[in-house]
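Data file: final_22.pdb. Format and content: PDB, C-alpha atoms.
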ATOM      1  CA  MET A 158      52.353  69.030   0.724
ATOM      2  CA  ALA A 159      50.589  72.210   1.756
ATOM      3  CA  ASN A 160      50.417  75.165  -0.608
ATOM      4  CA  THR A 161      50.769  78.478   1.207
ATOM      5  CA  ALA A 162      49.481  81.782  -0.143
ATOM      6  CA  VAL A 163      51.586  84.719   1.062
ATOM      7  CA  ILE A 164      49.707  88.014   0.843
ATOM      8  CA  GLY A 165      51.916  91.079   1.048
ATOM      9  CA  VAL A 166      54.251  93.461  -0.761
ATOM     10  CA  THR A 167      57.822  93.759  -2.009
ATOM     11  CA  PHE A 168      60.431  96.274  -0.922
ATOM     12  CA  VAL A 169      63.814  97.172  -2.338
ATOM     13  CA  ASP A 170      66.339  97.385   0.492
ATOM     14  CA  VAL A 171      69.091  99.974   0.167
ATOM     15  CA  LYS A 172      71.696  98.896   2.744
ATOM     16  CA  GLY A 173      74.718 100.801   4.002
ATOM     17  CA  PHE A 174      77.624  98.937   5.626
ATOM     18  CA  PRO A 175      80.352 101.021   7.359
ATOM     19  CA  LYS A 176      83.977  99.913   7.065
ATOM     20  CA  THR A 177      84.763 100.901  10.647
ATOM     21  CA  LYS A 178      82.819 101.842  13.782
ATOM     22  CA  TYR A 179      79.554 103.519  12.746
ATOM     23  CA  ASP A 180      79.258 107.210  13.629
ATOM     24  CA  PRO A 181      75.558 108.243  13.573
ATOM     25  CA  VAL A 182      76.356 111.975  13.242
ATOM     26  CA  GLY A 183      79.473 111.824  11.069
ATOM     27  CA  ARG A 184      80.557 110.544   7.677
ATOM     28  CA  ASN A 185      80.999 106.821   7.260
ATOM     29  CA  LEU A 186      82.966 105.205   4.464
ATOM     30  CA  GLY A 187      81.738 101.788   3.508
ATOM     31  CA  MET A 188      79.600  99.884   1.038
ATOM     32  CA  VAL A 189      76.059 100.449  -0.243
ATOM     33  CA  LYS A 190      74.114  97.488  -1.585
ATOM     34  CA  ILE A 191      70.641  97.173  -3.124
ATOM     35  CA  VAL A 192      68.813  93.892  -2.500
ATOM     36  CA  HIS A 193      65.290  92.528  -2.863
ATOM     37  CA  GLY A 194      63.396  92.699   0.418
ATOM     38  CA  GLY A 195      60.047  93.184   2.130
ATOM     39  CA  VAL A 196      58.777  90.812   4.810
ATOM     40  CA  SER A 197      56.336  88.995   2.529
ATOM     41  CA  ARG A 198      58.735  88.718  -0.400
ATOM     42  CA  ASN A 199      61.378  87.383   1.994
ATOM     43  CA  VAL A 200      58.943  84.791   3.310
ATOM     44  CA  VAL A 201      58.098  83.679  -0.235
ATOM     45  CA  GLU A 202      61.770  83.252  -1.122
ATOM     46  CA  ASN A 203      62.454  81.388   2.127
ATOM     47  CA  PHE A 204      59.612  78.952   1.432
ATOM     48  CA  ALA A 205      60.765  78.379  -2.141
ATOM     49  CA  ASN A 206      64.420  77.982  -1.173
ATOM     50  CA  VAL A 207      63.627  74.997   1.034
ATOM     51  CA  GLY A 208      61.241  73.463  -1.490
ATOM     52  CA  MET A 209      57.893  74.397   0.073
ATOM     53  CA  PRO A 210      55.105  75.199  -2.447
ATOM     54  CA  VAL A 211      54.240  78.886  -2.149
ATOM     55  CA  SER A 212      52.221  81.484  -4.045
ATOM     56  CA  PHE A 213      52.906  85.224  -3.836
ATOM     57  CA  VAL A 214      49.715  87.295  -3.827
ATOM     58  CA  SER A 215      51.175  90.709  -4.457
ATOM     59  CA  MET A 216      52.089  93.391  -6.972
ATOM     60  CA  LEU A 217      55.270  94.528  -8.701
ATOM     61  CA  ASP A 218      56.303  97.541 -10.769
ATOM     62  CA  ASP A 219      56.616  97.205 -14.531
ATOM     63  CA  SER A 220      60.279  98.157 -14.227
ATOM     64  CA  ALA A 221      63.712  96.577 -14.379
ATOM     65  CA  ILE A 222      63.657  96.032 -10.600
ATOM     66  CA  GLY A 223      60.153  94.576 -10.699
ATOM     67  CA  ARG A 224      61.093  92.165 -13.464
ATOM     68  CA  ASP A 225      64.253  91.196 -11.597
ATOM     69  CA  VAL A 226      62.272  90.436  -8.430
ATOM     70  CA  ALA A 227      59.831  88.290 -10.411
ATOM     71  CA  ARG A 228      62.616  86.450 -12.226
ATOM     72  CA  LYS A 229      64.450  85.596  -9.010
ATOM     73  CA  LEU A 230      61.326  84.282  -7.277
ATOM     74  CA  GLU A 231      60.268  82.227 -10.303
ATOM     75  CA  ASN A 232      63.782  80.790 -10.604
ATOM     76  CA  VAL A 233      63.529  79.315  -7.102
ATOM     77  CA  GLY A 234      60.049  77.915  -7.750
ATOM     78  CA  ALA A 235      57.611  80.478  -6.345
ATOM     79  CA  ASP A 236      54.206  80.736  -8.033
ATOM     80  CA  LEU A 237      53.507  84.296  -9.220
ATOM     81  CA  SER A 238      50.141  83.591 -10.843
ATOM     82  CA  TYR A 239      48.513  86.081  -8.470
ATOM     83  CA  THR A 240      51.224  88.747  -8.619
ATOM     84  CA  VAL A 241      49.972  91.690 -10.673
ATOM     85  CA  THR A 242      52.023  94.363 -12.426
ATOM     86  CA  THR A 243      51.464  98.089 -11.894
ATOM     87  CA  ASP A 244      52.713 101.143 -13.787
ATOM     88  CA  HIS A 245      54.295 102.649 -10.650
ATOM     89  CA  ASP A 246      54.348 102.524  -6.830
ATOM     90  CA  GLY A 247      54.084  98.732  -6.793
ATOM     91  CA  ILE A 248      57.307  98.301  -4.812
ATOM     92  CA  GLY A 249      58.262  99.954  -1.533
ATOM     93  CA  MET A 250      61.732 101.081  -0.473
ATOM     94  CA  TRP A 251      63.603 100.544   2.774
ATOM     95  CA  LEU A 252      66.707 102.589   3.521
ATOM     96  CA  VAL A 253      68.753 100.901   6.228
ATOM     97  CA  ILE A 254      72.090 101.473   7.932
ATOM     98  CA  LEU A 255      73.909  98.567   9.561
ATOM     99  CA  ASP A 256      76.528  99.164  12.224
ATOM    100  CA  GLU A 257      80.016  97.645  12.263
ATOM    101  CA  ASN A 258      78.594  94.452  13.813
ATOM    102  CA  GLY A 259      75.916  93.959  11.172
ATOM    103  CA  ASP A 260      73.086  95.085  13.468
ATOM    104  CA  LEU A 261      70.434  97.612  12.511
ATOM    105  CA  ALA A 262      71.469 101.191  13.328
ATOM    106  CA  GLY A 263      68.614 103.087  11.646
ATOM    107  CA  SER A 264      66.085 102.910   8.833
ATOM    108  CA  ILE A 265      63.362 104.700   6.870
ATOM    109  CA  SER A 266      60.695 102.919   4.855
ATOM    110  CA  CYS A 267      58.318 104.027   2.102
ATOM    111  CA  MET A 268      55.226 101.873   1.593
ATOM    112  CA  PRO A 269      53.994 101.077  -1.918
ATOM    113  CA  ASP A 270      50.448 101.924  -2.997
ATOM    114  CA  VAL A 271      48.428  98.829  -2.031
ATOM    115  CA  SER A 272      45.240  99.852  -3.870
ATOM    116  CA  VAL A 273      46.045  97.418  -6.703
ATOM    117  CA  LEU A 274      46.507  94.582  -4.216
ATOM    118  CA  GLU A 275      43.248  95.562  -2.503
ATOM    119  CA  LYS A 276      41.446  95.288  -5.841
ATOM    120  CA  LEU A 277      43.040  91.881  -6.471
ATOM    121  CA  ILE A 278      41.806  90.589  -3.104
ATOM    122  CA  ASP A 279      38.305  91.949  -3.752
ATOM    123  CA  GLU A 280      38.091  90.384  -7.204
ATOM    124  CA  GLN A 281      40.021  87.113  -6.801
ATOM    125  CA  GLY A 282      40.467  86.662  -3.055
ATOM    126  CA  GLU A 283      37.740  84.035  -2.787
ATOM    127  CA  ARG A 284      39.392  81.812  -5.398
ATOM    128  CA  ILE A 285      42.892  82.401  -3.973
ATOM    129  CA  ILE A 286      41.949  81.475  -0.407
ATOM    130  CA  ALA A 287      39.731  78.566  -1.436
ATOM    131  CA  ASN A 288      42.532  76.980  -3.470
ATOM    132  CA  CYS A 289      45.378  77.281  -0.953
ATOM    133  CA  GLU A 290      45.858  75.301   2.238
ATOM    134  CA  ASN A 291      47.434  77.965   4.448
ATOM    135  CA  VAL A 292      47.561  81.754   4.455
ATOM    136  CA  VAL A 293      50.407  84.057   5.466
ATOM    137  CA  LEU A 294      49.092  87.588   5.832
ATOM    138  CA  GLU A 295      51.180  90.729   6.109
ATOM    139  CA  ILE A 296      48.602  92.139   8.447
ATOM    140  CA  ASP A 297      49.558  95.835   8.232
ATOM    141  CA  LEU A 298      48.796  96.409   4.529
ATOM    142  CA  ASN A 299      45.495  98.115   5.246
ATOM    143  CA  GLU A 300      42.371  97.433   7.263
ATOM    144  CA  HIS A 301      40.254  96.378   4.280
ATOM    145  CA  ILE A 302      42.736  93.749   3.081
ATOM    146  CA  ALA A 303      43.255  92.366   6.582
ATOM    147  CA  GLU A 304      39.533  92.100   7.278
ATOM    148  CA  ARG A 305      38.736  90.522   3.906
ATOM    149  CA  VAL A 306      41.525  87.939   4.071
ATOM    150  CA  LEU A 307      40.640  86.930   7.641
ATOM    151  CA  GLU A 308      36.980  86.663   6.654
ATOM    152  CA  LEU A 309      37.779  84.407   3.692
ATOM    153  CA  ALA A 310      40.204  82.271   5.705
ATOM    154  CA  GLU A 311      37.465  81.685   8.278
ATOM    155  CA  LYS A 312      34.911  80.917   5.566
ATOM    156  CA  TYR A 313      37.139  78.259   3.976
ATOM    157  CA  ASN A 314      38.674  77.022   7.255
ATOM    158  CA  LYS A 315      42.252  77.915   6.321
ATOM    159  CA  LYS A 316      45.017  78.374   8.876
ATOM    160  CA  THR A 317      46.261  81.960   8.965
ATOM    161  CA  TYR A 318      49.689  83.103  10.144
ATOM    162  CA  ALA A 319      50.168  86.826  10.706
ATOM    163  CA  ILE A 320      53.389  88.733  10.149
ATOM    164  CA  VAL A 321      53.550  92.415  11.061
ATOM    165  CA  GLY A 322      54.913  95.306   9.038
ATOM    166  CA  ASN A 323      54.685  98.786  10.525
ATOM    167  CA  LEU A 324      51.937  97.998  13.109
ATOM    168  CA  SER A 325      49.653 100.655  11.584
ATOM    169  CA  VAL A 326      46.724  98.246  11.221
ATOM    170  CA  ILE A 327      47.195  95.740  13.998
ATOM    171  CA  LEU A 328      47.527  98.191  16.896
ATOM    172  CA  PRO A 329      44.036  99.662  16.384
ATOM    173  CA  HIS A 330      42.646  96.160  15.721
ATOM    174  CA  LEU A 331      44.179  93.777  18.226
ATOM    175  CA  GLU A 332      41.056  91.634  17.874
ATOM    176  CA  TYR A 333      42.481  90.463  14.534
ATOM    177  CA  LEU A 334      45.066  88.447  16.466
ATOM    178  CA  GLN A 335      42.290  86.300  17.910
ATOM    179  CA  ARG A 336      41.510  85.212  14.349
ATOM    180  CA  THR A 337      45.020  83.971  13.521
ATOM    181  CA  ASP A 338      46.465  80.519  14.154
ATOM    182  CA  CYS A 339      49.857  81.898  15.180
ATOM    183  CA  PHE A 340      51.180  85.424  15.633
ATOM    184  CA  ILE A 341      54.956  85.903  15.477
ATOM    185  CA  CYS A 342      56.669  89.174  16.399
ATOM    186  CA  ASN A 343      59.862  90.519  17.975
ATOM    187  CA  GLU A 344      60.204  91.967  21.476
ATOM    188  CA  VAL A 345      59.802  95.573  20.287
ATOM    189  CA  GLU A 346      56.576  94.737  18.473
ATOM    190  CA  CYS A 347      55.439  92.672  21.455
ATOM    191  CA  GLY A 348      55.860  95.664  23.741
ATOM    192  CA  LYS A 349      53.758  97.851  21.436
ATOM    193  CA  VAL A 350      51.023  95.232  21.048
ATOM    194  CA  PHE A 351      50.680  94.706  24.788
ATOM    195  CA  GLY A 352      51.488  98.261  25.841
ATOM    196  CA  ALA A 353      54.389  97.268  28.069
ATOM    197  CA  ASP A 354      58.135  97.853  28.325
ATOM    198  CA  VAL A 355      59.541  94.374  27.677
ATOM    199  CA  GLU A 356      62.785  95.079  25.819
ATOM    200  CA  SER A 357      64.947  94.508  28.913
ATOM    201  CA  PHE A 358      63.249  91.211  29.784
ATOM    202  CA  SER A 359      65.152  87.952  29.952
ATOM    203  CA  PRO A 360      63.521  85.037  28.088
ATOM    204  CA  GLN A 361      62.132  83.692  31.375
ATOM    205  CA  GLU A 362      60.688  87.081  32.270
ATOM    206  CA  MET A 363      59.197  87.365  28.804
ATOM    207  CA  LEU A 364      57.557  83.957  29.133
ATOM    208  CA  GLU A 365      56.076  84.849  32.518
ATOM    209  CA  PHE A 366      54.714  88.065  31.008
ATOM    210  CA  LEU A 367      53.529  86.567  27.721
ATOM    211  CA  VAL A 368      51.184  83.864  28.978
ATOM    212  CA  PRO A 369      48.709  86.090  30.865
ATOM    213  CA  ALA A 370      49.095  88.904  28.314
ATOM    214  CA  ALA A 371      48.194  86.601  25.398
ATOM    215  CA  ASP A 372      45.339  85.040  27.370
ATOM    216  CA  LYS A 373      43.921  88.496  28.098
ATOM    217  CA  LEU A 374      43.725  89.253  24.365
ATOM    218  CA  SER A 375      42.582  85.665  23.553
ATOM    219  CA  ILE A 376      45.506  85.092  21.177
ATOM    220  CA  PRO A 377      45.528  81.353  20.342
ATOM    221  CA  SER A 378      49.271  81.040  19.710
ATOM    222  CA  ILE A 379      52.159  83.504  19.848
ATOM    223  CA  VAL A 380      55.936  83.570  19.469
ATOM    224  CA  VAL A 381      58.207  86.451  20.463
ATOM    225  CA  THR A 382      61.717  86.531  19.019
ATOM    226  CA  MET A 383      64.476  88.037  21.169
ATOM    227  CA  GLY A 384      67.516  88.109  18.923
ATOM    228  CA  ALA A 385      70.541  86.333  20.362
ATOM    229  CA  GLN A 386      68.471  85.339  23.413
ATOM    230  CA  GLY A 387      66.319  83.074  21.279
ATOM    231  CA  SER A 388      62.535  83.075  21.311
ATOM    232  CA  VAL A 389      59.628  82.534  23.671
ATOM    233  CA  TYR A 390      56.466  80.712  22.647
ATOM    234  CA  TYR A 391      53.006  80.078  24.026
ATOM    235  CA  ASP A 392      50.286  77.934  22.480
ATOM    236  CA  ALA A 393      47.072  78.319  24.458
ATOM    237  CA  VAL A 394      45.274  75.759  22.301
ATOM    238  CA  GLY A 395      47.959  73.076  22.450
ATOM    239  CA  GLY A 396      48.948  73.824  26.044
ATOM    240  CA  GLU A 397      52.615  74.470  25.246
ATOM    241  CA  LYS A 398      54.940  77.195  26.422
ATOM    242  CA  GLY A 399      58.699  77.552  26.607
ATOM    243  CA  ILE A 400      61.957  79.076  25.451
ATOM    244  CA  CYS A 401      63.847  78.170  22.284
ATOM    245  CA  PRO A 402      67.556  79.115  22.156
ATOM    246  CA  ALA A 403      69.071  80.853  19.151
ATOM    247  CA  VAL A 404      71.563  78.958  16.977
ATOM    248  CA  PRO A 405      74.947  80.683  17.391
ATOM    249  CA  VAL A 406      76.580  81.732  14.112
ATOM    250  CA  ARG A 407      78.840  84.496  12.826
ATOM    251  CA  LEU A 408      76.673  87.551  12.181
ATOM    252  CA  VAL A 409      77.036  89.083   8.712
ATOM    253  CA  ASP A 410      73.744  90.956   8.309
ATOM    254  CA  SER A 411      70.793  90.796  10.716
ATOM    255  CA  CYS A 412      68.256  92.026   8.125
ATOM    256  CA  GLY A 413      65.727  89.314   7.302
ATOM    257  CA  ALA A 414      66.364  87.296  10.463
ATOM    258  CA  GLY A 415      62.839  87.794  11.773
ATOM    259  CA  ASP A 416      61.300  86.925   8.416
ATOM    260  CA  ALA A 417      63.421  83.769   8.258
ATOM    261  CA  PHE A 418      62.398  82.761  11.783
ATOM    262  CA  PHE A 419      58.768  83.327  10.843
ATOM    263  CA  SER A 420      59.200  81.290   7.654
ATOM    264  CA  GLY A 421      60.865  78.315   9.300
ATOM    265  CA  THR A 422      58.339  78.222  12.122
ATOM    266  CA  VAL A 423      55.315  78.507   9.852
ATOM    267  CA  MET A 424      56.652  75.943   7.383
ATOM    268  CA  ALA A 425      57.017  73.471  10.241
ATOM    269  CA  LEU A 426      53.519  74.256  11.528
ATOM    270  CA  THR A 427      52.049  73.619   8.073
ATOM    271  CA  LYS A 428      53.724  70.215   8.211
ATOM    272  CA  GLY A 429      51.704  69.468  11.356
ATOM    273  CA  MET A 430      54.451  69.964  13.940
ATOM    274  CA  LYS A 431      53.804  71.284  17.432
ATOM    275  CA  LEU A 432      54.842  74.852  18.165
ATOM    276  CA  SER A 433      57.635  73.657  20.483
ATOM    277  CA  GLU A 434      59.233  71.834  17.537
ATOM    278  CA  ALA A 435      58.367  74.429  14.902
ATOM    279  CA  VAL A 436      60.288  77.240  16.617
ATOM    280  CA  LYS A 437      63.470  75.169  16.351
ATOM    281  CA  TYR A 438      63.159  75.264  12.577
ATOM    282  CA  GLY A 439      62.583  78.990  12.799
ATOM    283  CA  ALA A 440      65.749  79.450  14.844
ATOM    284  CA  ARG A 441      67.821  77.438  12.369
ATOM    285  CA  LEU A 442      66.527  79.289   9.310
ATOM    286  CA  ALA A 443      67.194  82.619  11.020
ATOM    287  CA  SER A 444      70.779  81.566  11.743
ATOM    288  CA  MET A 445      71.329  80.593   8.109
ATOM    289  CA  THR A 446      70.049  83.991   7.000
ATOM    290  CA  ILE A 447      72.070  86.222   9.321
ATOM    291  CA  SER A 448      75.257  84.393   8.390
ATOM    292  CA  SER A 449      74.758  85.533   4.762
ATOM    293  CA  ASP A 450      74.374  88.996   3.241
ATOM    294  CA  GLU A 451      70.991  88.190   1.661
ATOM    295  CA  ALA A 452      67.537  89.040   3.065
ATOM    296  CA  ALA A 453      66.392  85.431   2.657
ATOM    297  CA  CYS A 454      67.940  82.091   3.530
ATOM    298  CA  PRO A 455      70.238  80.216   1.132
ATOM    299  CA  ILE A 456      68.793  77.463  -1.058
ATOM    300  CA  CYS A 457      68.460  74.394   1.166
ATOM    301  CA  PRO A 458      66.170  71.647  -0.184
ATOM    302  CA  ASP A 459      67.186  69.251   2.632
ATOM    303  CA  PHE A 460      66.351  71.738   5.381
ATOM    304  CA  PHE A 461      63.707  69.619   7.101
ATOM    305  CA  ASN A 462      65.888  66.501   6.994
ATOM    306  CA  GLU A 463      68.977  68.071   8.582
ATOM    307  CA  GLN A 464      67.985  70.946  10.862
ATOM    308  CA  LEU A 465      67.172  69.249  14.168
ATOM    309  CA  LYS A 466      70.623  67.705  14.466
ATOM    310  CA  LEU A 467      71.677  71.085  15.900
ATOM    311  CA  PHE A 468      69.290  70.859  18.889
TER
END

Let me see the structure of the file written as structure tokens.
Amino acid sequence: MANTAVIGVTFVDVKGFPKTKYDPVGRNLGMVKIVHGGVSRNVVENFANVGMPVSFVSMLDDSAIGRDVARKLENVGADLSYTVTTDHDGIGMWLVILDENGDLAGSISCMPDVSVLEKLIDEQGERIIANCENVVLEIDLNEHIAERVLELAEKYNKKTYAIVGNLSVILPHLEYLQRTDCFICNEVECGKVFGADVESFSPQEMLEFLVPAADKLSIPSIVVTMGAQGSVYYDAVGGEKGICPAVPVRLVDSCGAGDAFFSGTVMALTKGMKLSEAVKYGARLASMTISSDEAACPICPDFFNEQLKLF
């Protein structure tokens, strides 16, 4: 089974849940919860929770929170051999408010200092990439990390799957997307990447837009998630395109849904599935995540044996 190296950072999510209808300019009684988050950390936990071998190439604070993050990931089977410990600024923070329906109402994020991770990639990146079978890259860490990881993945012929963070790196370097095996984003990120207003598109309209837009940028494979409307995919190499419906569930917390979709899709791709099949696994893992109050999916070792019964 493939071993995937996930290169990225950890965040601590501070979530606010209102008891009644959310008032953006008034006081809201409710509940505040602190959970482990960050797109890459979420992906690592998702992989481990369904039994997929995964290594986290990252950094953590030498603090109670940092040790707690490490303990939780190790308990579900993630390999932290390439996760280094820093004195401070090794973990980011994400402040988020959910509305009464569990949807995102607003957020502020604070990035960690990635200089330690940059040094790790410079010193051990060759060995890390050479010894894994697939790479998941949080592509917005910084330009140096993105360039070095893509260079090493090309040198050792490793498949690379890009997940975006704040778009600070990818927007000035859209050519990086040509060097990935699959790029997965949501409709807001899609609009920013292609410089178009696509948020009101139906899935069919998105598909009609996506094919020529991706071809223009020479993106080999792309998926755009559209929340409850499902997702749209286009694989220029495999000659596939289409729409994948979402799996309807009761929404508890939408945070982590995109990371779960990414995880399920990429896990299926690393198993050799076509993109049209892989996105179904992404949709199912996303549904499992949003029906819980965690940022990652529940433990599900039989995920790949049971999921497709729903489609």

Close residues, A:Pro402 itself excluded, 7 Å, all atoms listed in the file, min 6 positions apart in chain, as JSON, numbers by chain: {"A": [386, 387, 388]}

Hits of the PyMOL selection byres ((chain A and resi 427) around 9) in this structure, as number ranges by chain: A: 158-161, 290-291, 316, 422-426, 428-430

Shell of 7 Å around stretch 191-206 of chain A, all atoms listed in the file, local chain residues under 3 positions omitted, as a count of residues only: 30

Picked residues, the PyMOL selection byres ((chain A and resi 333) around 9), as a count of residues only: 12

Atom CA of A:Gly384 to atom CA of A:Ser359, straight-line distance in Å: 11.3 Å

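Minimum distance to A:Pro329 across A:Thr382, A:Asn299, A:Asn343, A:Asn314 (counting all atoms listed in the file) occurs at A:Asn299.
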
Atom pair atom CA of A:Ile376 / atom CA of A:Met363: separation (Å): 15.8 Å

If you keep N, CA and C atoms, can you output stretch 230-256 of chain A as a PDB file, in the first residue's frame?
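See out-v5.pdb below for the written result:
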ATOM      1  N   LEU A 230      -2.286  12.085  16.801  1.00  0.00           N
ATOM      2  CA  LEU A 230      -1.924  11.558  15.488  1.00  0.00           C
ATOM      3  C   LEU A 230      -1.217  10.209  15.598  1.00  0.00           C
ATOM      4  N   GLU A 231      -0.317  10.084  16.568  1.00  0.00           N
ATOM      5  CA  GLU A 231       0.383   8.806  16.755  1.00  0.00           C
ATOM      6  C   GLU A 231      -0.584   7.717  17.185  1.00  0.00           C
ATOM      7  N   ASN A 232      -1.579   8.065  17.985  1.00  0.00           N
ATOM      8  CA  ASN A 232      -2.551   7.076  18.457  1.00  0.00           C
ATOM      9  C   ASN A 232      -3.377   6.483  17.327  1.00  0.00           C
ATOM     10  N   VAL A 233      -3.566   7.245  16.241  1.00  0.00           N
ATOM     11  CA  VAL A 233      -4.330   6.697  15.111  1.00  0.00           C
ATOM     12  C   VAL A 233      -3.415   6.131  14.028  1.00  0.00           C
ATOM     13  N   GLY A 234      -2.106   6.141  14.276  1.00  0.00           N
ATOM     14  CA  GLY A 234      -1.181   5.443  13.377  1.00  0.00           C
ATOM     15  C   GLY A 234      -0.391   6.296  12.419  1.00  0.00           C
ATOM     16  N   ALA A 235      -0.425   7.619  12.563  1.00  0.00           N
ATOM     17  CA  ALA A 235       0.365   8.482  11.687  1.00  0.00           C
ATOM     18  C   ALA A 235       1.834   8.421  12.072  1.00  0.00           C
ATOM     19  N   ASP A 236       2.708   8.501  11.075  1.00  0.00           N
ATOM     20  CA  ASP A 236       4.153   8.506  11.294  1.00  0.00           C
ATOM     21  C   ASP A 236       4.632   9.952  11.455  1.00  0.00           C
ATOM     22  N   LEU A 237       5.216  10.270  12.607  1.00  0.00           N
ATOM     23  CA  LEU A 237       5.699  11.616  12.879  1.00  0.00           C
ATOM     24  C   LEU A 237       7.227  11.681  12.901  1.00  0.00           C
ATOM     25  N   SER A 238       7.867  10.765  12.204  1.00  0.00           N
ATOM     26  CA  SER A 238       9.332  10.735  12.181  1.00  0.00           C
ATOM     27  C   SER A 238       9.922  12.021  11.629  1.00  0.00           C
ATOM     28  N   TYR A 239       9.185  12.687  10.740  1.00  0.00           N
ATOM     29  CA  TYR A 239       9.674  13.922  10.129  1.00  0.00           C
ATOM     30  C   TYR A 239       8.894  15.141  10.618  1.00  0.00           C
ATOM     31  N   THR A 240       8.344  15.062  11.814  1.00  0.00           N
ATOM     32  CA  THR A 240       7.713  16.214  12.448  1.00  0.00           C
ATOM     33  C   THR A 240       8.672  16.737  13.513  1.00  0.00           C
ATOM     34  N   VAL A 241       9.136  17.962  13.340  1.00  0.00           N
ATOM     35  CA  VAL A 241      10.127  18.528  14.256  1.00  0.00           C
ATOM     36  C   VAL A 241       9.445  19.422  15.286  1.00  0.00           C
ATOM     37  N   THR A 242      10.105  19.609  16.400  1.00  0.00           N
ATOM     38  CA  THR A 242       9.572  20.416  17.504  1.00  0.00           C
ATOM     39  C   THR A 242      10.301  21.752  17.574  1.00  0.00           C
ATOM     40  N   THR A 243       9.535  22.837  17.742  1.00  0.00           N
ATOM     41  CA  THR A 243      10.103  24.169  17.840  1.00  0.00           C
ATOM     42  C   THR A 243       9.809  24.753  19.221  1.00  0.00           C
ATOM     43  N   ASP A 244      10.561  25.792  19.586  1.00  0.00           N
ATOM     44  CA  ASP A 244      10.333  26.441  20.882  1.00  0.00           C
ATOM     45  C   ASP A 244       9.032  27.237  20.883  1.00  0.00           C
ATOM     46  N   HIS A 245       8.692  27.842  19.738  1.00  0.00           N
ATOM     47  CA  HIS A 245       7.475  28.660  19.650  1.00  0.00           C
ATOM     48  C   HIS A 245       7.108  28.862  18.182  1.00  0.00           C
ATOM     49  N   ASP A 246       5.905  29.329  17.943  1.00  0.00           N
ATOM     50  CA  ASP A 246       5.394  29.637  16.596  1.00  0.00           C
ATOM     51  C   ASP A 246       5.401  28.446  15.652  1.00  0.00           C
ATOM     52  N   GLY A 247       5.297  27.238  16.196  1.00  0.00           N
ATOM     53  CA  GLY A 247       5.250  26.049  15.349  1.00  0.00           C
ATOM     54  C   GLY A 247       3.836  25.625  14.999  1.00  0.00           C
ATOM     55  N   ILE A 248       2.847  26.275  15.614  1.00  0.00           N
ATOM     56  CA  ILE A 248       1.443  25.960  15.363  1.00  0.00           C
ATOM     57  C   ILE A 248       0.700  27.258  15.071  1.00  0.00           C
ATOM     58  N   GLY A 249      -0.133  27.244  14.041  1.00  0.00           N
ATOM     59  CA  GLY A 249      -0.949  28.408  13.726  1.00  0.00           C
ATOM     60  C   GLY A 249      -2.259  28.386  14.499  1.00  0.00           C
ATOM     61  N   MET A 250      -3.027  29.452  14.394  1.00  0.00           N
ATOM     62  CA  MET A 250      -4.332  29.521  15.047  1.00  0.00           C
ATOM     63  C   MET A 250      -5.377  30.006  14.051  1.00  0.00           C
ATOM     64  N   TRP A 251      -6.556  29.420  14.154  1.00  0.00           N
ATOM     65  CA  TRP A 251      -7.680  29.799  13.302  1.00  0.00           C
ATOM     66  C   TRP A 251      -8.887  30.076  14.191  1.00  0.00           C
ATOM     67  N   LEU A 252      -9.320  31.320  14.194  1.00  0.00           N
ATOM     68  CA  LEU A 252     -10.505  31.726  14.939  1.00  0.00           C
ATOM     69  C   LEU A 252     -11.686  31.699  13.991  1.00  0.00           C
ATOM     70  N   VAL A 253     -12.706  30.927  14.324  1.00  0.00           N
ATOM     71  CA  VAL A 253     -13.820  30.737  13.391  1.00  0.00           C
ATOM     72  C   VAL A 253     -15.152  30.822  14.121  1.00  0.00           C
ATOM     73  N   ILE A 254     -16.118  31.444  13.465  1.00  0.00           N
ATOM     74  CA  ILE A 254     -17.483  31.516  13.970  1.00  0.00           C
ATOM     75  C   ILE A 254     -18.382  30.734  13.024  1.00  0.00           C
ATOM     76  N   LEU A 255     -19.149  29.811  13.582  1.00  0.00           N
ATOM     77  CA  LEU A 255     -20.147  29.070  12.814  1.00  0.00           C
ATOM     78  C   LEU A 255     -21.506  29.690  13.053  1.00  0.00           C
ATOM     79  N   ASP A 256     -22.365  29.693  12.043  1.00  0.00           N
ATOM     80  CA  ASP A 256     -23.711  30.205  12.254  1.00  0.00           C
ATOM     81  C   ASP A 256     -24.600  29.121  12.853  1.00  0.00           C
TER      82      ASP A 256
END
